[in-house]
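The next block is model-v4.txt, given as compact mmCIF, C-alpha atoms.
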# COMPACT_ATOMS: atom_id res chain seq x y z
CA MET B 1 60.20 -7.19 -42.12
CA ILE B 2 58.98 -5.41 -39.01
CA SER B 3 55.89 -7.61 -38.91
CA ARG B 4 58.09 -10.71 -38.95
CA TRP B 5 60.15 -9.47 -36.02
CA PHE B 6 56.97 -8.57 -34.16
CA ALA B 7 55.53 -12.04 -34.79
CA LEU B 8 58.76 -13.64 -33.56
CA LEU B 9 58.66 -11.50 -30.41
CA LEU B 10 55.08 -12.57 -29.71
CA LEU B 11 56.03 -16.18 -30.24
CA LEU B 12 58.91 -15.94 -27.79
CA CYS B 13 56.82 -14.16 -25.18
CA GLY B 14 53.96 -16.56 -25.58
CA GLY B 15 56.25 -19.53 -25.18
CA THR B 16 57.59 -18.30 -21.85
CA THR B 17 55.77 -20.06 -19.02
CA ALA B 18 55.27 -18.10 -15.82
CA ARG B 19 56.72 -19.77 -12.76
CA ALA B 20 54.10 -21.32 -10.46
CA GLU B 21 53.67 -19.70 -7.06
CA THR B 22 54.90 -21.82 -4.16
CA TRP B 23 52.79 -22.41 -1.05
CA ARG B 24 54.69 -24.01 1.84
CA VAL B 25 52.30 -26.33 3.69
CA VAL B 26 53.37 -27.55 7.13
CA TYR B 27 51.50 -30.56 8.51
CA ASN B 28 51.89 -33.21 11.18
CA GLU B 29 50.98 -36.88 11.58
CA PHE B 30 47.28 -36.53 12.36
CA PRO B 31 45.40 -39.15 10.30
CA PRO B 32 42.92 -39.16 8.77
CA TYR B 33 43.43 -35.40 8.25
CA SER B 34 47.09 -35.72 7.30
CA THR B 35 49.67 -38.48 7.32
CA THR B 36 52.61 -39.76 5.28
CA THR B 37 52.61 -42.89 3.15
CA ASP B 38 55.42 -45.42 2.99
CA SER B 39 56.58 -43.63 -0.17
CA GLU B 40 56.89 -40.36 1.82
CA GLN B 41 53.84 -38.78 0.15
CA PRO B 42 51.54 -36.56 2.25
CA VAL B 43 47.91 -37.72 2.11
CA GLY B 44 44.75 -37.34 4.16
CA PHE B 45 41.37 -35.67 4.21
CA ALA B 46 42.69 -32.12 4.63
CA ILE B 47 45.60 -32.71 2.24
CA ASP B 48 43.29 -34.02 -0.49
CA LEU B 49 40.86 -31.16 0.13
CA LEU B 50 43.66 -28.61 -0.22
CA ARG B 51 44.83 -30.17 -3.47
CA ALA B 52 41.29 -30.13 -4.85
CA ALA B 53 40.81 -26.48 -3.84
CA VAL B 54 43.92 -25.28 -5.70
CA SER B 55 43.67 -27.62 -8.68
CA ASP B 56 42.78 -24.74 -11.03
CA LEU B 57 45.39 -22.35 -9.61
CA ASP B 58 48.95 -21.98 -10.82
CA VAL B 59 50.27 -23.07 -7.44
CA GLU B 60 52.93 -25.55 -6.35
CA LEU B 61 52.33 -27.08 -2.91
CA VAL B 62 55.51 -27.86 -0.98
CA PHE B 63 54.80 -30.03 2.08
CA ILE B 64 56.85 -29.88 5.28
CA LEU B 65 56.34 -32.46 8.05
CA ALA B 66 56.46 -31.14 11.63
CA ASP B 67 56.64 -33.27 14.77
CA ASN B 68 53.42 -31.90 16.28
CA PRO B 69 51.04 -28.92 16.05
CA GLY B 70 53.24 -26.92 18.42
CA ALA B 71 56.25 -27.29 16.14
CA ALA B 72 54.07 -26.48 13.13
CA MET B 73 52.83 -23.27 14.76
CA GLN B 74 56.41 -22.25 15.51
CA MET B 75 57.34 -22.68 11.85
CA LEU B 76 54.36 -20.55 10.83
CA ALA B 77 55.25 -17.87 13.38
CA ASP B 78 58.86 -17.81 12.15
CA GLY B 79 57.81 -17.52 8.51
CA ASP B 80 59.19 -20.94 7.58
CA ALA B 81 55.77 -22.10 6.32
CA ASP B 82 52.70 -20.41 4.85
CA LEU B 83 49.72 -22.51 5.89
CA HIS B 84 48.48 -25.51 7.86
CA PRO B 85 45.69 -27.65 6.34
CA HIS B 86 43.77 -28.41 9.55
CA LEU B 87 43.70 -26.48 12.80
CA ALA B 88 41.04 -25.64 15.35
CA PRO B 89 41.01 -21.82 15.63
CA ASN B 90 41.68 -20.25 19.02
CA SER B 91 42.92 -16.90 20.28
CA THR B 92 46.56 -17.99 20.51
CA ARG B 93 46.68 -19.31 16.97
CA ALA B 94 44.75 -16.28 15.71
CA GLU B 95 47.71 -14.09 16.69
CA VAL B 96 49.71 -15.79 13.93
CA LEU B 97 47.09 -17.06 11.48
CA ASN B 98 43.97 -16.13 9.61
CA PHE B 99 41.54 -19.00 9.13
CA THR B 100 39.51 -20.14 6.17
CA THR B 101 35.94 -21.36 6.31
CA SER B 102 35.43 -24.53 8.37
CA ILE B 103 36.17 -27.82 6.61
CA LYS B 104 34.92 -30.16 9.38
CA SER B 105 34.11 -30.41 13.09
CA ILE B 106 35.96 -32.58 15.60
CA GLN B 107 35.35 -33.79 19.15
CA VAL B 108 37.81 -34.22 22.00
CA ARG B 109 37.44 -36.99 24.59
CA ALA B 110 39.43 -38.49 27.44
CA TYR B 111 40.56 -42.13 27.34
CA GLN B 112 42.06 -44.40 29.96
CA ARG B 113 43.11 -47.99 30.50
CA ARG B 114 40.20 -50.18 31.55
CA ASP B 115 42.13 -51.64 34.49
CA ARG B 116 42.37 -48.22 36.14
CA PRO B 117 39.63 -46.73 38.35
CA GLU B 118 37.41 -44.29 36.50
CA PRO B 119 37.38 -40.73 37.88
CA ALA B 120 34.20 -40.04 39.84
CA ASP B 121 33.91 -36.56 38.33
CA THR B 122 35.61 -35.80 35.03
CA SER B 123 35.34 -32.08 35.71
CA GLN B 124 37.70 -32.56 38.67
CA LEU B 125 40.93 -34.33 37.71
CA ALA B 126 43.15 -33.16 40.57
CA GLY B 127 46.32 -35.19 40.93
CA LEU B 128 45.89 -37.07 37.66
CA ARG B 129 48.40 -37.06 34.81
CA ILE B 130 46.76 -35.94 31.55
CA GLY B 131 48.67 -36.86 28.41
CA VAL B 132 48.44 -34.72 25.27
CA ALA B 133 50.37 -34.19 22.05
CA ALA B 134 52.29 -30.93 22.41
CA GLY B 135 50.58 -27.93 20.86
CA SER B 136 47.44 -29.83 19.85
CA LEU B 137 43.82 -28.87 20.51
CA PRO B 138 43.68 -31.38 23.42
CA ASP B 139 46.72 -29.57 24.85
CA PHE B 140 44.75 -26.31 25.02
CA ILE B 141 41.77 -28.11 26.57
CA ALA B 142 43.91 -29.88 29.17
CA SER B 143 45.31 -26.53 30.34
CA ARG B 144 41.90 -25.83 31.92
CA TYR B 145 42.54 -28.51 34.54
CA GLN B 146 44.90 -26.55 36.76
CA ASP B 147 44.97 -29.15 39.55
CA ALA B 148 46.01 -31.92 37.16
CA SER B 149 49.48 -32.56 35.79
CA VAL B 150 49.57 -32.06 32.02
CA VAL B 151 52.17 -34.30 30.36
CA ARG B 152 53.05 -32.99 26.89
CA LEU B 153 54.37 -35.73 24.62
CA GLN B 154 56.35 -35.35 21.41
CA ASP B 155 53.57 -36.66 19.16
CA ASN B 156 50.47 -38.86 19.04
CA ASN B 157 52.51 -42.08 18.93
CA ALA B 158 54.27 -41.17 22.16
CA LEU B 159 50.94 -40.25 23.75
CA PHE B 160 49.33 -43.60 22.88
CA PHE B 161 52.23 -45.58 24.32
CA ALA B 162 52.47 -43.40 27.42
CA LEU B 163 48.91 -44.39 28.29
CA ALA B 164 49.53 -48.03 27.39
CA LYS B 165 52.57 -48.14 29.69
CA GLY B 166 50.85 -46.27 32.53
CA ASP B 167 53.01 -43.16 32.25
CA VAL B 168 49.83 -41.04 32.13
CA ASP B 169 46.42 -41.64 33.70
CA LEU B 170 44.30 -40.14 30.91
CA ALA B 171 44.90 -39.30 27.27
CA PHE B 172 43.02 -36.48 25.55
CA TYR B 173 42.36 -37.25 21.89
CA ALA B 174 40.36 -35.68 19.08
CA ASP B 175 37.72 -37.32 16.90
CA ASN B 176 37.55 -40.63 18.80
CA ALA B 177 40.99 -41.49 17.48
CA PHE B 178 41.81 -43.74 20.38
CA GLU B 179 38.82 -45.98 19.75
CA SER B 180 39.70 -46.29 16.06
CA ILE B 181 43.30 -47.28 16.78
CA ALA B 182 42.29 -49.73 19.51
CA VAL B 183 39.76 -51.43 17.23
CA GLY B 184 42.27 -51.63 14.40
CA LEU B 185 44.76 -53.38 16.69
CA GLY B 186 42.18 -55.60 18.35
CA VAL B 187 42.76 -54.16 21.84
CA GLU B 188 39.55 -52.15 22.17
CA GLY B 189 38.69 -54.05 25.36
CA ASP B 190 41.75 -52.62 27.10
CA TYR B 191 40.65 -48.97 26.96
CA ARG B 192 37.53 -46.89 27.46
CA PRO B 193 36.36 -43.31 27.02
CA VAL B 194 35.86 -41.40 30.25
CA GLY B 195 33.03 -38.96 30.81
CA PRO B 196 31.28 -36.84 28.18
CA VAL B 197 32.75 -35.15 25.11
CA LEU B 198 35.13 -32.49 26.39
CA SER B 199 34.82 -30.14 23.44
CA THR B 200 33.46 -29.88 19.90
CA ARG B 201 35.38 -27.56 17.60
CA GLN B 202 35.44 -26.51 13.98
CA VAL B 203 38.55 -27.27 11.92
CA ALA B 204 39.82 -24.86 9.25
CA MET B 205 42.96 -24.20 7.26
CA GLY B 206 45.24 -21.64 8.87
CA VAL B 207 47.18 -19.15 6.72
CA ARG B 208 50.02 -16.97 8.00
CA ARG B 209 48.81 -13.38 8.46
CA ALA B 210 51.58 -12.10 6.19
CA ARG B 211 50.09 -14.06 3.25
CA PRO B 212 46.63 -12.58 2.51
CA ASP B 213 47.38 -13.41 -1.12
CA ILE B 214 46.98 -17.07 -0.14
CA LEU B 215 44.02 -16.67 2.20
CA GLN B 216 41.68 -14.97 -0.27
CA PRO B 217 41.84 -17.45 -3.17
CA LEU B 218 42.05 -20.47 -0.84
CA ASP B 219 39.06 -19.44 1.26
CA GLY B 220 36.99 -18.67 -1.83
CA ARG B 221 37.68 -22.06 -3.37
CA LEU B 222 37.03 -23.92 -0.11
CA ARG B 223 33.66 -22.17 0.27
CA ALA B 224 32.77 -23.29 -3.24
CA LEU B 225 34.00 -26.84 -2.54
CA VAL B 226 32.56 -27.65 0.89
CA ASP B 227 29.28 -29.61 0.82
CA THR B 228 29.61 -30.52 -2.85
CA PRO B 229 29.75 -34.07 -4.29
CA GLU B 230 33.53 -33.69 -4.68
CA TYR B 231 33.87 -32.75 -1.00
CA TRP B 232 31.79 -35.71 0.15
CA ALA B 233 33.72 -38.07 -2.11
CA ILE B 234 36.95 -36.99 -0.39
CA HIS B 235 35.22 -37.25 2.98
CA ALA B 236 34.04 -40.79 2.24
CA THR B 237 37.59 -41.86 1.37
CA TRP B 238 38.83 -41.00 4.85
CA PHE B 239 35.75 -41.17 7.08
CA GLY B 240 33.54 -43.68 5.25
CA ASP B 241 32.00 -46.67 7.02
CA GLY B 242 33.65 -49.19 4.72
CA GLU B 243 37.23 -50.34 4.92
CA SER B 244 39.68 -48.11 3.10
CA ARG B 245 41.79 -49.36 0.26
CA TRP B 246 44.78 -50.10 2.51
CA HIS B 247 42.98 -51.68 5.45
CA ALA B 248 43.10 -55.39 4.68
CA SER B 249 46.73 -55.57 3.55
CA GLU B 250 48.14 -53.33 6.24
CA MET B 251 46.22 -55.00 9.07
CA ALA B 252 47.64 -58.30 7.85
CA TRP B 253 51.13 -56.80 8.12
CA ILE B 254 50.40 -55.64 11.66
CA GLY B 255 49.30 -59.15 12.58
CA ALA B 256 52.44 -60.59 11.01
CA LEU B 257 54.59 -58.12 12.89
CA PHE B 258 53.10 -59.06 16.25
CA ALA B 259 53.36 -62.75 15.37
CA THR B 260 57.03 -62.36 14.49
CA ALA B 261 57.73 -60.50 17.72
CA THR B 262 55.97 -63.27 19.65
CA VAL B 263 58.05 -65.96 17.96
CA GLY B 264 61.23 -64.03 18.72
CA ALA B 265 60.22 -63.70 22.37
CA ALA B 266 59.48 -67.43 22.51
CA ILE B 267 62.93 -68.27 21.15
CA PHE B 268 64.54 -66.11 23.80
CA ALA B 269 62.39 -67.73 26.49
CA VAL B 270 63.47 -71.21 25.39
CA LEU B 271 67.08 -70.06 25.34
CA VAL B 272 66.85 -68.76 28.90
CA TRP B 273 65.15 -71.96 30.04
CA ARG B 274 67.86 -74.10 28.48
CA ARG B 275 70.53 -71.96 30.08
CA SER B 276 68.91 -72.52 33.45
CA ALA B 277 68.81 -76.23 32.77
CA SER B 278 72.50 -76.30 31.94
CA SER B 279 73.36 -74.58 35.17
CA ALA B 280 71.64 -77.31 37.15
CA ARG B 281 74.19 -79.95 38.10
CA ASP B 282 72.40 -83.13 37.07
CA PRO B 283 73.12 -85.97 34.61
CA HIS B 284 71.31 -84.09 31.83
CA ALA B 285 73.40 -80.91 32.10
CA ALA B 286 75.75 -81.77 29.24
CA ALA B 287 72.88 -82.51 26.85
CA ALA B 288 71.17 -79.29 27.88
CA ILE B 289 74.32 -77.31 27.10
CA VAL B 290 74.54 -78.82 23.62
CA GLU B 291 70.88 -78.04 22.95
CA ARG B 292 71.29 -74.51 24.27
CA ASP B 293 74.26 -73.87 21.99
CA ALA B 294 72.32 -75.18 19.00
CA LEU B 295 69.43 -72.85 19.79
CA HIS B 296 71.84 -69.97 20.20
CA GLN B 297 73.36 -70.63 16.78
CA LEU B 298 69.88 -70.81 15.25
CA LEU B 299 68.94 -67.51 16.85
CA GLU B 300 72.10 -65.81 15.58
CA SER B 301 71.56 -67.11 12.04
CA GLN B 302 68.02 -65.72 11.99
CA LYS B 303 68.85 -62.40 13.64
CA HIS B 304 69.72 -60.53 10.45
CA GLU B 305 66.64 -61.83 8.62
CA TYR B 306 64.45 -60.95 11.61
CA GLU B 307 65.78 -57.37 11.69
CA GLU B 308 65.18 -56.93 7.96
CA TYR B 309 61.61 -58.16 8.40
CA LEU B 310 60.94 -55.62 11.15
CA ASP B 311 62.46 -52.81 9.09
CA GLU B 312 60.17 -53.65 6.18
CA ALA B 313 57.18 -53.90 8.50
CA ARG B 314 58.06 -50.53 10.00
CA LYS B 315 57.99 -48.92 6.58
CA ARG B 316 54.68 -50.53 5.73
CA LEU B 317 53.15 -49.45 9.03
CA GLN B 318 53.95 -45.80 8.34
CA GLY B 319 51.14 -45.82 5.81
CA ALA B 320 48.76 -48.00 7.81
CA SER B 321 47.28 -45.37 10.12
CA HIS B 322 45.08 -43.87 7.41
CA ALA B 323 43.68 -47.34 6.71
CA LEU B 324 41.46 -47.14 9.78
CA LYS B 325 38.07 -45.41 9.94
CA SER B 326 39.03 -42.19 11.68
CA PRO B 327 42.31 -42.49 13.58
CA LEU B 328 44.11 -39.36 14.63
CA VAL B 329 47.14 -41.31 15.80
CA SER B 330 49.77 -42.82 13.54
CA ILE B 331 50.40 -46.46 14.35
CA SER B 332 53.85 -46.57 12.80
CA GLY B 333 55.24 -46.25 16.33
CA PHE B 334 54.11 -49.78 17.16
CA ALA B 335 57.05 -51.17 15.20
CA GLN B 336 59.43 -48.95 17.16
CA MET B 337 58.00 -50.16 20.47
CA LEU B 338 58.60 -53.80 19.54
CA CYS B 339 62.32 -53.35 18.91

Mind turning the file's structure into structure tokens?
Amino acid sequence: MISRWFALLLLLCGGTTARAETWRVVYNEFPPYSTTTDSEQPVGFAIDLLRAAVSDLDVELVFILADNPGAAMQMLADGDADLHPHLAPNSTRAEVLNFTTSIKSIQVRAYQRRDRPEPADTSQLAGLRIGVAAGSLPDFIASRYQDASVVRLQDNNALFFALAKGDVDLAFYADNAFESIAVGLGVEGDYRPVGPVLSTRQVAMGVRRARPDILQPLDGRLRALVDTPEYWAIHATWFGDGESRWHASEMAWIGALFATATVGAAIFAVLVWRRSASSARDPHAAAAIVERDALHQLLESQKHEYEEYLDEARKRLQGASHALKSPLVSISGFAQMLC
């Protein structure tokens, strides 16, 4: 009888599954290292590497999207997150984080519009407006230029458009991201890199100092993973020379989006022209008014459909940034700029 109760106790204990440990991972839009798909799933080189490293651990990864590296660091400092999958170590970040072994190296360069005069000496940028994403590695590098005005933007989208609109004179980007985005959008002739590489840094995963229980197993598994066939397979997915699996379809959507915006602008231009014609007091004014009203009705009837199209394109573009070779800027903001 006792043996039966003992066997039942073992069965019950053995059937109880221990709860998986939760690691809170804060990340920001920084493709190809990390980005968010149109289905709200975090993906990217560092994200995939993290998942591979903990695949044999009883760990649940909970991902939290932050606006920029500065916001991510604040969450880590406040204890609202446990680790970041890709950061360049420096003394400021080391006050909050311990870092794993390096997972990759990145470069930082300056970019400008081609129609602007190139600085004669890139080591002296006095009076120029340098745009950076707040809290990013380029932000730390830009702080060296004390005679320049550092403009800290909300995120990489805002930085790209600030340069495009002329709100900043130079943009500091990592990993040649600007070139990748420009090529993907077919506007590479409008921008150019300025001067030499500003800095080359190693990238690692940063773990909050209060969580050594995360750092030790994560660092050990990353050391065993880096420079293996599995590592290079993940690397090829995000940095390979060939087009990624989303490139063709998403670039087609970008083209369609720009085409639709162009058509909409043309309709408005015709409408304005017809309105001008109607205001002219000539024998054709009445006919022009009728034609204008017809165009106005057509525009109103298509407005709802046009807005739905842009909303769908916006969602699709959220996942398009990781379709390029090595962009570090999400291009989902292009849809926002068109509306």

Would you give the centre and edge lengths, in Å to one decimal, of a box along x, y and z around the listed atoms of stretch 183-201 of chain B, with 4 Å added to each side, as lines of an AutoDock Vina configuration file?
center_x = 38.0
center_y = -41.6
center_z = 22.6
size_x = 21.5
size_y = 36.0
size_z = 24.4

Next on the checklist: Just the number, please: distance in Å from atom CA of B:Thr100 to atom CA of B:Pro217, one decimal.
Outcome noted: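 Atom CA of B:Pro217 lies at a distance of 10.0 Å from atom CA of B:Thr100.
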
Checklist outcome for this item: Residue with the minimum atom-to-atom distance to B:Arg116, picked from B:Arg24, B:Arg221, B:Arg192, B:Arg51 with all atoms listed in the file counted, is B:Arg192

Item to check | Selection near B:Ile234, 8 Å with only C-alpha atoms, sequence-local residues under 3 positions removed, as an NGL selection string | outcome: :B and (45 or 48-49 or 230-231 or 237-238)

Item to check | Nearest to B:Phe30 by atom-to-atom distance, counting all atoms listed in the file, from B:Asp147, B:Phe160, B:Ala174, B:Leu57 | outcome: B:Ala174

Checklist entry - Counting only C-alpha atoms, what is within 8 Å of B:Asp82, bar same-chain residues fewer than 5 positions away, as a list in words? => result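 The filter keeps Trp23, Arg24, Val25, Val26, Leu76, Val207, Arg208 and Arg211 of chain B.
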
Next on the checklist: Could you tell me how far atom CA of B:Pro193 sits from atom CA of B:Ala71, in Å to one decimal place?
Outcome noted: 27.8 Å

Checklist entry - If you count only C-alpha atoms, which residues fall within 7 Å of B:Asp67, apart from same-chain ones fewer than 6 positions away, as a PyMOL selection string? => result chain B and resi 28+154-155

Residues within 12 Å of stretch 195-198 of chain B, only C-alpha atoms, excluding chain neighbours under 3 positions, as a JSON list (two decimals) with C-alpha atoms, keeping the file's coordinate frame:
[["chain", "number", "residue", "atom", "x", "y", "z"],
["B", 106, "ILE", "CA", 35.96, -32.58, 15.60],
["B", 107, "GLN", "CA", 35.35, -33.79, 19.15],
["B", 108, "VAL", "CA", 37.81, -34.22, 22.00],
["B", 109, "ARG", "CA", 37.44, -36.99, 24.59],
["B", 110, "ALA", "CA", 39.43, -38.49, 27.44],
["B", 111, "TYR", "CA", 40.56, -42.13, 27.34],
["B", 112, "GLN", "CA", 42.06, -44.40, 29.96],
["B", 118, "GLU", "CA", 37.41, -44.29, 36.50],
["B", 119, "PRO", "CA", 37.38, -40.73, 37.88],
["B", 120, "ALA", "CA", 34.20, -40.04, 39.84],
["B", 121, "ASP", "CA", 33.91, -36.56, 38.33],
["B", 122, "THR", "CA", 35.61, -35.80, 35.03],
["B", 123, "SER", "CA", 35.34, -32.08, 35.71],
["B", 124, "GLN", "CA", 37.70, -32.56, 38.67],
["B", 125, "LEU", "CA", 40.93, -34.33, 37.71],
["B", 137, "LEU", "CA", 43.82, -28.87, 20.51],
["B", 138, "PRO", "CA", 43.68, -31.38, 23.42],
["B", 140, "PHE", "CA", 44.75, -26.31, 25.02],
["B", 141, "ILE", "CA", 41.77, -28.11, 26.57],
["B", 142, "ALA", "CA", 43.91, -29.88, 29.17],
["B", 144, "ARG", "CA", 41.90, -25.83, 31.92],
["B", 145, "TYR", "CA", 42.54, -28.51, 34.54],
["B", 170, "LEU", "CA", 44.30, -40.14, 30.91],
["B", 171, "ALA", "CA", 44.90, -39.30, 27.27],
["B", 172, "PHE", "CA", 43.02, -36.48, 25.55],
["B", 173, "TYR", "CA", 42.36, -37.25, 21.89],
["B", 174, "ALA", "CA", 40.36, -35.68, 19.08],
["B", 175, "ASP", "CA", 37.72, -37.32, 16.90],
["B", 176, "ASN", "CA", 37.55, -40.63, 18.80],
["B", 192, "ARG", "CA", 37.53, -46.89, 27.46],
["B", 201, "ARG", "CA", 35.38, -27.56, 17.60]]

Next on the checklist: As an exercise, work out the distance from atom CA of B:His86 to atom CA of B:Ala46 in Å and give it to one decimal place.
Outcome noted: 6.3 Å

Checklist entry - Near B:Leu215, within 12 Å and counting all atoms listed in the file, which residues show up once chain neighbours fewer than 5 positions away are dropped, as a VMD selection string? => result chain B and resid 23 53 to 54 82 to 85 97 to 101 204 to 210 220 to 223

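Distance check against B:Ile64 using only C-alpha atoms: of B:Trp232, B:Tyr27, B:Gly240, B:Arg93, the minimum falls on B:Tyr27.
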
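Take the candidates B:Leu128, B:Val151, B:Val226, B:Leu218 and check each one against B:Asp56 using all atoms listed in the file; the shortest distance goes to B:Leu218.
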
Item to check | Nearest residue to B:Asp139 from the set B:Ala66, B:Leu163, B:Leu153, B:Val203 (distances using all atoms listed in the file) | outcome: B:Leu153
